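**Q** Just one file: coords_10.pdb, with PDB, C-alpha atoms, pLDDT in the B column.
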```
ATOM      1  CA  PRO A   1      11.238  -7.408  26.375  1.00 82.00           C
ATOM      2  CA  GLY A   2       9.266  -7.792  23.154  1.00 81.00           C
ATOM      3  CA  PHE A   3      10.749 -11.160  22.259  1.00 87.00           C
ATOM      4  CA  PRO A   4       8.091 -13.358  23.971  1.00 92.00           C
ATOM      5  CA  ALA A   5       5.335 -11.534  22.076  1.00 87.00           C
ATOM      6  CA  LEU A   6       7.162 -11.951  18.764  1.00 87.00           C
ATOM      7  CA  LEU A   7       7.746 -15.612  19.522  1.00 91.00           C
ATOM      8  CA  ALA A   8       4.033 -16.110  20.141  1.00 91.00           C
ATOM      9  CA  VAL A   9       3.143 -14.253  16.939  1.00 88.00           C
ATOM     10  CA  PHE A  10       5.505 -16.309  14.794  1.00 90.00           C
ATOM     11  CA  LEU A  11       4.460 -19.596  16.405  1.00 93.00           C
ATOM     12  CA  ALA A  12       0.835 -18.752  15.639  1.00 90.00           C
ATOM     13  CA  THR A  13       1.783 -17.709  12.105  1.00 89.00           C
ATOM     14  CA  GLY A  14       3.533 -21.036  11.544  1.00 90.00           C
ATOM     15  CA  ALA A  15       0.481 -22.895  12.832  1.00 92.00           C
ATOM     16  CA  VAL A  16      -1.761 -20.964  10.434  1.00 90.00           C
ATOM     17  CA  PHE A  17       0.535 -21.698   7.476  1.00 88.00           C
ATOM     18  CA  GLY A  18       0.699 -25.378   8.339  1.00 91.00           C
ATOM     19  CA  ALA A  19      -3.066 -25.607   8.741  1.00 91.00           C
ATOM     20  CA  MET A  20      -3.669 -23.840   5.418  1.00 90.00           C
ATOM     21  CA  GLU A  21      -1.317 -26.208   3.620  1.00 92.00           C
ATOM     22  CA  VAL A  22      -2.912 -29.330   5.079  1.00 93.00           C
ATOM     23  CA  ALA A  23      -6.420 -28.005   4.451  1.00 92.00           C
ATOM     24  CA  THR A  24      -5.585 -27.006   0.878  1.00 94.00           C
ATOM     25  CA  ILE A  25      -4.219 -30.445   0.047  1.00 94.00           C
ATOM     26  CA  ALA A  26      -7.244 -32.126   1.650  1.00 94.00           C
ATOM     27  CA  PHE A  27      -9.638 -29.781  -0.170  1.00 95.00           C
ATOM     28  CA  ALA A  28      -7.989 -30.382  -3.552  1.00 95.00           C
ATOM     29  CA  ASP A  29      -8.058 -34.131  -2.932  1.00 95.00           C
ATOM     30  CA  ALA A  30     -11.738 -34.030  -1.954  1.00 94.00           C
ATOM     31  CA  GLN A  31     -12.532 -32.170  -5.182  1.00 93.00           C
ATOM     32  CA  GLY A  32     -10.646 -34.753  -7.230  1.00 94.00           C
ATOM     33  CA  HIS A  33      -7.721 -32.439  -8.018  1.00 94.00           C
ATOM     34  CA  LYS A  34      -5.025 -33.708  -5.662  1.00 92.00           C
ATOM     35  CA  SER A  35      -2.277 -33.105  -8.226  1.00 94.00           C
ATOM     36  CA  ALA A  36      -3.223 -29.404  -8.421  1.00 95.00           C
ATOM     37  CA  ALA A  37      -2.623 -28.795  -4.704  1.00 94.00           C
ATOM     38  CA  GLY A  38       1.006 -27.796  -5.214  1.00 94.00           C
ATOM     39  CA  ALA A  39       0.132 -25.223  -7.865  1.00 95.00           C
ATOM     40  CA  VAL A  40      -2.636 -23.825  -5.696  1.00 95.00           C
ATOM     41  CA  LEU A  41      -0.270 -23.516  -2.733  1.00 94.00           C
ATOM     42  CA  ALA A  42       2.288 -21.842  -4.995  1.00 96.00           C
ATOM     43  CA  LEU A  43      -0.197 -19.023  -5.489  1.00 95.00           C
ATOM     44  CA  GLN A  44       0.083 -18.193  -1.799  1.00 94.00           C
ATOM     45  CA  ALA A  45       3.849 -17.936  -2.242  1.00 94.00           C
ATOM     46  CA  ALA A  46       3.360 -15.799  -5.361  1.00 96.00           C
ATOM     47  CA  GLY A  47       1.114 -13.402  -3.440  1.00 95.00           C
ATOM     48  CA  SER A  48       3.760 -13.145  -0.740  1.00 94.00           C
ATOM     49  CA  CYS A  49       6.499 -12.563  -3.312  1.00 95.00           C
ATOM     50  CA  ILE A  50       4.612  -9.759  -5.043  1.00 96.00           C
ATOM     51  CA  ALA A  51       3.684  -8.108  -1.756  1.00 95.00           C
ATOM     52  CA  GLY A  52       7.251  -8.502  -0.485  1.00 94.00           C
ATOM     53  CA  LEU A  53       8.657  -6.755  -3.548  1.00 95.00           C
ATOM     54  CA  LEU A  54       6.157  -3.913  -3.234  1.00 94.00           C
ATOM     55  CA  TYR A  55       6.598  -3.612   0.527  1.00 92.00           C
ATOM     56  CA  GLY A  56      10.373  -3.726   0.199  1.00 89.00           C
ATOM     57  CA  SER A  57      10.317  -0.866  -2.281  1.00 92.00           C
ATOM     58  CA  LEU A  58       8.712   1.415   0.312  1.00 88.00           C
ATOM     59  CA  ARG A  59      10.951   3.584   2.419  1.00 82.00           C
ATOM     60  CA  PRO A  60       9.468   4.030   5.902  1.00 76.00           C
ATOM     61  CA  ALA A  61       9.953   7.348   7.611  1.00 75.00           C
ATOM     62  CA  PRO A  62      12.870   7.442  10.078  1.00 71.00           C
ATOM     63  CA  ASP A  63      10.406   7.929  12.948  1.00 72.00           C
ATOM     64  CA  ASP A  64       8.187   5.053  11.756  1.00 79.00           C
ATOM     65  CA  ASP A  65       6.575   3.149  14.623  1.00 87.00           C
ATOM     66  CA  VAL A  66       7.520  -0.508  13.955  1.00 87.00           C
ATOM     67  CA  PRO A  67       5.244  -2.018  16.645  1.00 87.00           C
ATOM     68  CA  ARG A  68       2.274  -0.134  15.183  1.00 90.00           C
ATOM     69  CA  ARG A  69       3.215  -1.270  11.674  1.00 90.00           C
ATOM     70  CA  LEU A  70       3.425  -4.871  12.922  1.00 90.00           C
ATOM     71  CA  LEU A  71      -0.070  -4.624  14.400  1.00 92.00           C
ATOM     72  CA  ILE A  72      -1.396  -3.348  11.077  1.00 92.00           C
ATOM     73  CA  CYS A  73       0.330  -6.188   9.218  1.00 92.00           C
ATOM     74  CA  LEU A  74      -1.018  -8.751  11.690  1.00 92.00           C
ATOM     75  CA  ALA A  75      -4.532  -7.363  11.308  1.00 94.00           C
ATOM     76  CA  ALA A  76      -4.235  -7.597   7.520  1.00 94.00           C
ATOM     77  CA  MET A  77      -2.894 -11.136   7.789  1.00 93.00           C
ATOM     78  CA  THR A  78      -5.770 -12.121  10.074  1.00 92.00           C
ATOM     79  CA  VAL A  79      -8.365 -10.794   7.653  1.00 94.00           C
ATOM     80  CA  LEU A  80      -6.715 -12.173   4.517  1.00 95.00           C
ATOM     81  CA  THR A  81      -5.996 -15.633   5.921  1.00 92.00           C
ATOM     82  CA  ALA A  82      -9.669 -15.978   6.807  1.00 93.00           C
ATOM     83  CA  GLY A  83     -10.389 -15.998   3.057  1.00 94.00           C
ATOM     84  CA  PRO A  84      -9.115 -19.517   2.370  1.00 93.00           C
ATOM     85  CA  LEU A  85     -11.083 -20.853   5.333  1.00 90.00           C
ATOM     86  CA  LEU A  86     -14.250 -19.197   4.073  1.00 92.00           C
ATOM     87  CA  SER A  87     -13.581 -20.438   0.544  1.00 93.00           C
ATOM     88  CA  ALA A  88     -13.039 -24.004   1.684  1.00 90.00           C
ATOM     89  CA  THR A  89     -16.167 -24.044   3.814  1.00 91.00           C
ATOM     90  CA  THR A  90     -18.583 -22.185   1.525  1.00 94.00           C
ATOM     91  CA  THR A  91     -17.650 -23.415  -1.937  1.00 92.00           C
ATOM     92  CA  THR A  92     -16.392 -26.456  -3.787  1.00 93.00           C
ATOM     93  CA  SER A  93     -14.349 -24.359  -6.209  1.00 94.00           C
ATOM     94  CA  LEU A  94     -10.610 -24.924  -6.251  1.00 95.00           C
ATOM     95  CA  VAL A  95     -10.267 -21.714  -8.293  1.00 96.00           C
ATOM     96  CA  THR A  96     -11.936 -19.707  -5.524  1.00 96.00           C
ATOM     97  CA  LEU A  97      -9.638 -21.270  -2.947  1.00 96.00           C
ATOM     98  CA  ALA A  98      -6.630 -20.519  -5.158  1.00 96.00           C
ATOM     99  CA  ALA A  99      -7.628 -16.853  -5.489  1.00 96.00           C
ATOM    100  CA  SER A 100      -8.127 -16.515  -1.745  1.00 96.00           C
ATOM    101  CA  LEU A 101      -4.712 -18.096  -1.109  1.00 96.00           C
ATOM    102  CA  LEU A 102      -3.123 -15.578  -3.502  1.00 96.00           C
ATOM    103  CA  LEU A 103      -4.688 -12.760  -1.479  1.00 95.00           C
ATOM    104  CA  ALA A 104      -3.745 -14.396   1.829  1.00 94.00           C
ATOM    105  CA  GLY A 105      -0.159 -14.581   0.666  1.00 93.00           C
ATOM    106  CA  ALA A 106      -0.136 -10.817   0.171  1.00 94.00           C
ATOM    107  CA  ALA A 107       0.030 -10.301   3.927  1.00 92.00           C
ATOM    108  CA  THR A 108       2.800 -12.816   4.544  1.00 92.00           C
ATOM    109  CA  ALA A 109       5.974 -11.032   3.468  1.00 92.00           C
ATOM    110  CA  PRO A 110       5.094  -7.617   4.942  1.00 93.00           C
ATOM    111  CA  THR A 111       4.264  -9.258   8.265  1.00 92.00           C
ATOM    112  CA  MET A 112       7.437 -11.331   8.305  1.00 91.00           C
ATOM    113  CA  VAL A 113       9.658  -8.396   7.334  1.00 90.00           C
ATOM    114  CA  THR A 114       8.080  -6.085   9.899  1.00 90.00           C
ATOM    115  CA  GLY A 115       8.295  -8.716  12.620  1.00 88.00           C
ATOM    116  CA  MET A 116      11.961  -9.293  11.888  1.00 87.00           C
ATOM    117  CA  THR A 117      12.560  -5.548  11.986  1.00 83.00           C
TER
END
```
Can you present the structure in this file as structure tokens?

**A**
Amino acid sequence: PGFPALLAVFLATGAVFGAMEVATIAFADAQGHKSAAGAVLALQAAGSCIAGLLYGSLRPAPDDDVPRRLLICLAAMTVLTAGPLLSATTTTSLVTLAASLLLAGAATAPTMVTGMT
């Protein structure tokens, strides 16, 4: 019964990732740093990797409420993925965008792992 909701969540997550990638490349190009876009996007993956390792090292309690944990992860992802949008619209700094992508990536792995659980 929960599958349609998970499908919607992961479709929306994919749309957000795709939009962030396109926007990051366009932003880097507009700032004259098109060749740096890949490295900047890699920071999002690095944030996800670090968070995934930390999250994976946790041992949830046997009675852990997975739907509640997923809601918490989705809330964190919503807040953290707003950072790159704010960075791209309020600054011309590629470094600021890169830092916000690193933080945004921190919510990716925990959300994906919890959703797959």

**Q** Could you state which residues are captured by the PyMOL selection byres ((chain A and resi 33-43) around 7) in this file, as a PyMOL selection string?

**A** chain A and resi 21+24-25+28-29+31-32+44-47+98+101-102

**Q** May I have the selected residues written with C-alpha atoms, as an mmCIF file, in the frame of the given file?

**A**
```cif
data_model
loop_
_atom_site.group_PDB
_atom_site.id
_atom_site.type_symbol
_atom_site.label_atom_id
_atom_site.label_comp_id
_atom_site.auth_asym_id
_atom_site.auth_seq_id
_atom_site.Cartn_x
_atom_site.Cartn_y
_atom_site.Cartn_z
ATOM 1 C CA GLU A 21 -1.317 -26.208 3.620
ATOM 2 C CA THR A 24 -5.585 -27.006 0.878
ATOM 3 C CA ILE A 25 -4.219 -30.445 0.047
ATOM 4 C CA ALA A 28 -7.989 -30.382 -3.552
ATOM 5 C CA ASP A 29 -8.058 -34.131 -2.932
ATOM 6 C CA GLN A 31 -12.532 -32.170 -5.182
ATOM 7 C CA GLY A 32 -10.646 -34.753 -7.230
ATOM 8 C CA GLN A 44 0.083 -18.193 -1.799
ATOM 9 C CA ALA A 45 3.849 -17.936 -2.242
ATOM 10 C CA ALA A 46 3.360 -15.799 -5.361
ATOM 11 C CA GLY A 47 1.114 -13.402 -3.440
ATOM 12 C CA ALA A 98 -6.630 -20.519 -5.158
ATOM 13 C CA LEU A 101 -4.712 -18.096 -1.109
ATOM 14 C CA LEU A 102 -3.123 -15.578 -3.502
#
```

**Q** Counting all atoms listed in the file, find the residues whose atoms lie at most 12 Å from (4.9, -21.3, 5.7) (file coordinates) and write them out as a list in words.

**A**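 The residues that fall inside the cut-off are Phe10, Leu11, Ala12, Thr13, Gly14, Ala15, Val16, Phe17, Gly18, Ala19, Met20, Glu21, Val22, Leu41, Ala42, Gln44, Ala45, Ser48, Ala104, Gly105, Thr108, Ala109 and Met112 of chain A.
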
**Q** What is the atom CA of Thr81 of chain A-atom CA of Gly115 of chain A distance in Å, reported with one decimal?

**A**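 Atom CA of Gly115 of chain A lies 17.2 Å from atom CA of Thr81 of chain A.
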
**Q** Report, in Å with one decimal, the straight-line distance from atom CA of Ala106 of chain A to atom CA of Ala51 of chain A.

**A** 5.1 Å

**Q** Report the distance between atom CA of Ser100 of chain A and atom CA of Gly83 of chain A in Å, rounded to one decimal place.

**A**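 Going from atom CA of Ser100 of chain A over to atom CA of Gly83 of chain A covers 5.3 Å.
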
**Q** Nearest residue to Val79 of chain A out of A:Ala107, A:Pro60, A:Val66, A:Met116, using only C-alpha atoms?

**A**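 Of A:Ala107, A:Pro60, A:Val66, A:Met116, the one nearest Val79 of chain A is A:Ala107, counting only C-alpha atoms.
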
**Q** Run through the PyMOL selection byres ((chain A and resi 70) around 12) on the given coordinates and return the selected residues as a list in words.

**A**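 Applied to this file, the PyMOL selection byres ((chain A and resi 70) around 12) selects Ala5, Leu6, Val9, Phe10, Asp64, Asp65, Val66, Pro67, Arg68, Arg69, Leu71, Ile72, Cys73, Leu74, Ala75, Ala76, Met77, Ala107, Thr108, Ala109, Pro110, Thr111, Met112, Val113, Thr114, Gly115, Met116 and Thr117 of chain A.
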
**Q** Could you put an axis-aligned box around every listed atom of segment 35-40 of chain A, padded by 6 Å on each side, and send me its centre and edge lengths in Å to one decimal, as JSON?

**A**
```
{"center_x": -1.1, "center_y": -28.5, "center_z": -6.6, "size_x": 16.2, "size_y": 21.3, "size_z": 15.7}
```

**Q** Tell me which of A:Phe3, A:Leu58, A:Ala8, A:Ala23 sits closest to Thr89 of chain A, counting only C-alpha atoms.

**A**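 Using only C-alpha atoms, Thr89 of chain A sits closest to A:Ala23.
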
**Q** Please determine, counting only C-alpha atoms, which residue among A:Ala61, A:Leu103, A:Leu53, A:Leu7 has the shortest atom-to-atom distance to Ser87 of chain A.

**A**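 Counting only C-alpha atoms, the residue closest to Ser87 of chain A is A:Leu103.
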
**Q** If I only want segment 19-59 of chain A, can you write it with N, CA and C atoms, as an mmCIF file, in the first residue's frame?

**A**
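Written output follows (selection-v9.cif):
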```
data_model
loop_
_atom_site.group_PDB
_atom_site.id
_atom_site.type_symbol
_atom_site.label_atom_id
_atom_site.label_comp_id
_atom_site.auth_asym_id
_atom_site.auth_seq_id
_atom_site.Cartn_x
_atom_site.Cartn_y
_atom_site.Cartn_z
ATOM 1 N N ALA A 19 17.258 18.778 -11.833
ATOM 2 C CA ALA A 19 17.203 20.241 -11.881
ATOM 3 C C ALA A 19 18.455 20.862 -11.271
ATOM 4 N N MET A 20 18.940 20.296 -10.168
ATOM 5 C CA MET A 20 20.154 20.837 -9.545
ATOM 6 C C MET A 20 21.357 20.680 -10.461
ATOM 7 N N GLU A 21 21.441 19.551 -11.153
ATOM 8 C CA GLU A 21 22.570 19.343 -12.056
ATOM 9 C C GLU A 21 22.537 20.332 -13.217
ATOM 10 N N VAL A 22 21.381 20.479 -13.833
ATOM 11 C CA VAL A 22 21.260 21.417 -14.954
ATOM 12 C C VAL A 22 21.535 22.845 -14.486
ATOM 13 N N ALA A 23 20.967 23.222 -13.355
ATOM 14 C CA ALA A 23 21.165 24.575 -12.839
ATOM 15 C C ALA A 23 22.618 24.829 -12.451
ATOM 16 N N THR A 24 23.276 23.830 -11.891
ATOM 17 C CA THR A 24 24.680 23.992 -11.510
ATOM 18 C C THR A 24 25.556 24.209 -12.734
ATOM 19 N N ILE A 25 25.337 23.425 -13.765
ATOM 20 C CA ILE A 25 26.120 23.575 -14.994
ATOM 21 C C ILE A 25 25.862 24.946 -15.614
ATOM 22 N N ALA A 26 24.612 25.364 -15.657
ATOM 23 C CA ALA A 26 24.272 26.677 -16.220
ATOM 24 C C ALA A 26 24.881 27.800 -15.388
ATOM 25 N N PHE A 27 24.834 27.661 -14.064
ATOM 26 C CA PHE A 27 25.399 28.675 -13.174
ATOM 27 C C PHE A 27 26.904 28.784 -13.377
ATOM 28 N N ALA A 28 27.587 27.646 -13.397
ATOM 29 C CA ALA A 28 29.047 27.653 -13.592
ATOM 30 C C ALA A 28 29.401 28.270 -14.945
ATOM 31 N N ASP A 29 28.642 27.947 -15.963
ATOM 32 C CA ASP A 29 28.874 28.507 -17.291
ATOM 33 C C ASP A 29 28.665 30.017 -17.288
ATOM 34 N N ALA A 30 27.614 30.474 -16.632
ATOM 35 C CA ALA A 30 27.324 31.909 -16.564
ATOM 36 C C ALA A 30 28.402 32.673 -15.814
ATOM 37 N N GLN A 31 29.073 32.010 -14.879
ATOM 38 C CA GLN A 31 30.141 32.656 -14.111
ATOM 39 C C GLN A 31 31.492 32.524 -14.793
ATOM 40 N N GLY A 32 31.508 31.863 -15.958
ATOM 41 C CA GLY A 32 32.755 31.693 -16.694
ATOM 42 C C GLY A 32 33.602 30.534 -16.215
ATOM 43 N N HIS A 33 32.991 29.587 -15.512
ATOM 44 C CA HIS A 33 33.712 28.437 -14.959
ATOM 45 C C HIS A 33 33.057 27.123 -15.381
ATOM 46 N N LYS A 34 32.700 27.016 -16.640
ATOM 47 C CA LYS A 34 31.979 25.831 -17.110
ATOM 48 C C LYS A 34 32.743 24.541 -16.817
ATOM 49 N N SER A 35 34.068 24.578 -16.935
ATOM 50 C CA SER A 35 34.853 23.366 -16.721
ATOM 51 C C SER A 35 34.867 22.928 -15.250
ATOM 52 N N ALA A 36 34.477 23.792 -14.346
ATOM 53 C CA ALA A 36 34.453 23.448 -12.917
ATOM 54 C C ALA A 36 33.138 22.802 -12.497
ATOM 55 N N ALA A 37 32.155 22.769 -13.384
ATOM 56 C CA ALA A 37 30.832 22.257 -13.018
ATOM 57 C C ALA A 37 30.887 20.817 -12.529
ATOM 58 N N GLY A 38 31.684 19.988 -13.162
ATOM 59 C CA GLY A 38 31.785 18.590 -12.744
ATOM 60 C C GLY A 38 32.330 18.442 -11.335
ATOM 61 N N ALA A 39 33.356 19.220 -11.021
ATOM 62 C CA ALA A 39 33.939 19.175 -9.674
ATOM 63 C C ALA A 39 32.945 19.679 -8.633
ATOM 64 N N VAL A 40 32.212 20.709 -8.992
ATOM 65 C CA VAL A 40 31.210 21.247 -8.066
ATOM 66 C C VAL A 40 30.110 20.216 -7.825
ATOM 67 N N LEU A 41 29.656 19.556 -8.873
ATOM 68 C CA LEU A 41 28.641 18.517 -8.717
ATOM 69 C C LEU A 41 29.176 17.328 -7.926
ATOM 70 N N ALA A 42 30.460 17.056 -8.050
ATOM 71 C CA ALA A 42 31.063 15.950 -7.298
ATOM 72 C C ALA A 42 30.985 16.200 -5.796
ATOM 73 N N LEU A 43 30.941 17.456 -5.403
ATOM 74 C CA LEU A 43 30.819 17.759 -3.976
ATOM 75 C C LEU A 43 29.475 17.292 -3.427
ATOM 76 N N GLN A 44 28.439 17.358 -4.236
ATOM 77 C CA GLN A 44 27.147 16.828 -3.793
ATOM 78 C C GLN A 44 27.271 15.325 -3.542
ATOM 79 N N ALA A 45 27.937 14.635 -4.443
ATOM 80 C CA ALA A 45 28.144 13.192 -4.273
ATOM 81 C C ALA A 45 29.008 12.910 -3.052
ATOM 82 N N ALA A 46 30.004 13.751 -2.809
ATOM 83 C CA ALA A 46 30.870 13.566 -1.635
ATOM 84 C C ALA A 46 30.074 13.735 -0.343
ATOM 85 N N GLY A 47 29.199 14.743 -0.314
ATOM 86 C CA GLY A 47 28.347 14.935 0.864
ATOM 87 C C GLY A 47 27.455 13.730 1.105
ATOM 88 N N SER A 48 26.929 13.173 0.027
ATOM 89 C CA SER A 48 26.086 11.981 0.145
ATOM 90 C C SER A 48 26.896 10.789 0.632
ATOM 91 N N CYS A 49 28.107 10.649 0.116
ATOM 92 C CA CYS A 49 28.970 9.530 0.516
ATOM 93 C C CYS A 49 29.296 9.596 2.010
ATOM 94 N N ILE A 50 29.692 10.760 2.466
ATOM 95 C CA ILE A 50 30.036 10.923 3.885
ATOM 96 C C ILE A 50 28.815 10.646 4.763
ATOM 97 N N ALA A 51 27.689 11.234 4.393
ATOM 98 C CA ALA A 51 26.470 11.020 5.178
ATOM 99 C C ALA A 51 26.035 9.562 5.129
ATOM 100 N N GLY A 52 26.198 8.920 3.978
ATOM 101 C CA GLY A 52 25.834 7.508 3.852
ATOM 102 C C GLY A 52 26.675 6.624 4.754
ATOM 103 N N LEU A 53 27.971 6.916 4.825
ATOM 104 C CA LEU A 53 28.850 6.137 5.705
ATOM 105 C C LEU A 53 28.473 6.331 7.170
ATOM 106 N N LEU A 54 28.199 7.580 7.540
ATOM 107 C CA LEU A 54 27.809 7.852 8.930
ATOM 108 C C LEU A 54 26.442 7.238 9.249
ATOM 109 N N TYR A 55 25.506 7.406 8.354
ATOM 110 C CA TYR A 55 24.156 6.880 8.558
ATOM 111 C C TYR A 55 24.177 5.350 8.593
ATOM 112 N N GLY A 56 24.982 4.758 7.740
ATOM 113 C CA GLY A 56 25.085 3.306 7.700
ATOM 114 C C GLY A 56 25.729 2.712 8.939
ATOM 115 N N SER A 57 26.525 3.518 9.635
ATOM 116 C CA SER A 57 27.167 3.014 10.848
ATOM 117 C C SER A 57 26.221 3.010 12.044
ATOM 118 N N LEU A 58 25.086 3.693 11.914
ATOM 119 C CA LEU A 58 24.101 3.706 12.998
ATOM 120 C C LEU A 58 23.321 2.408 13.010
ATOM 121 N N ARG A 59 22.942 1.982 14.154
ATOM 122 C CA ARG A 59 22.129 0.778 14.301
ATOM 123 C C ARG A 59 20.778 1.194 14.867
#
```
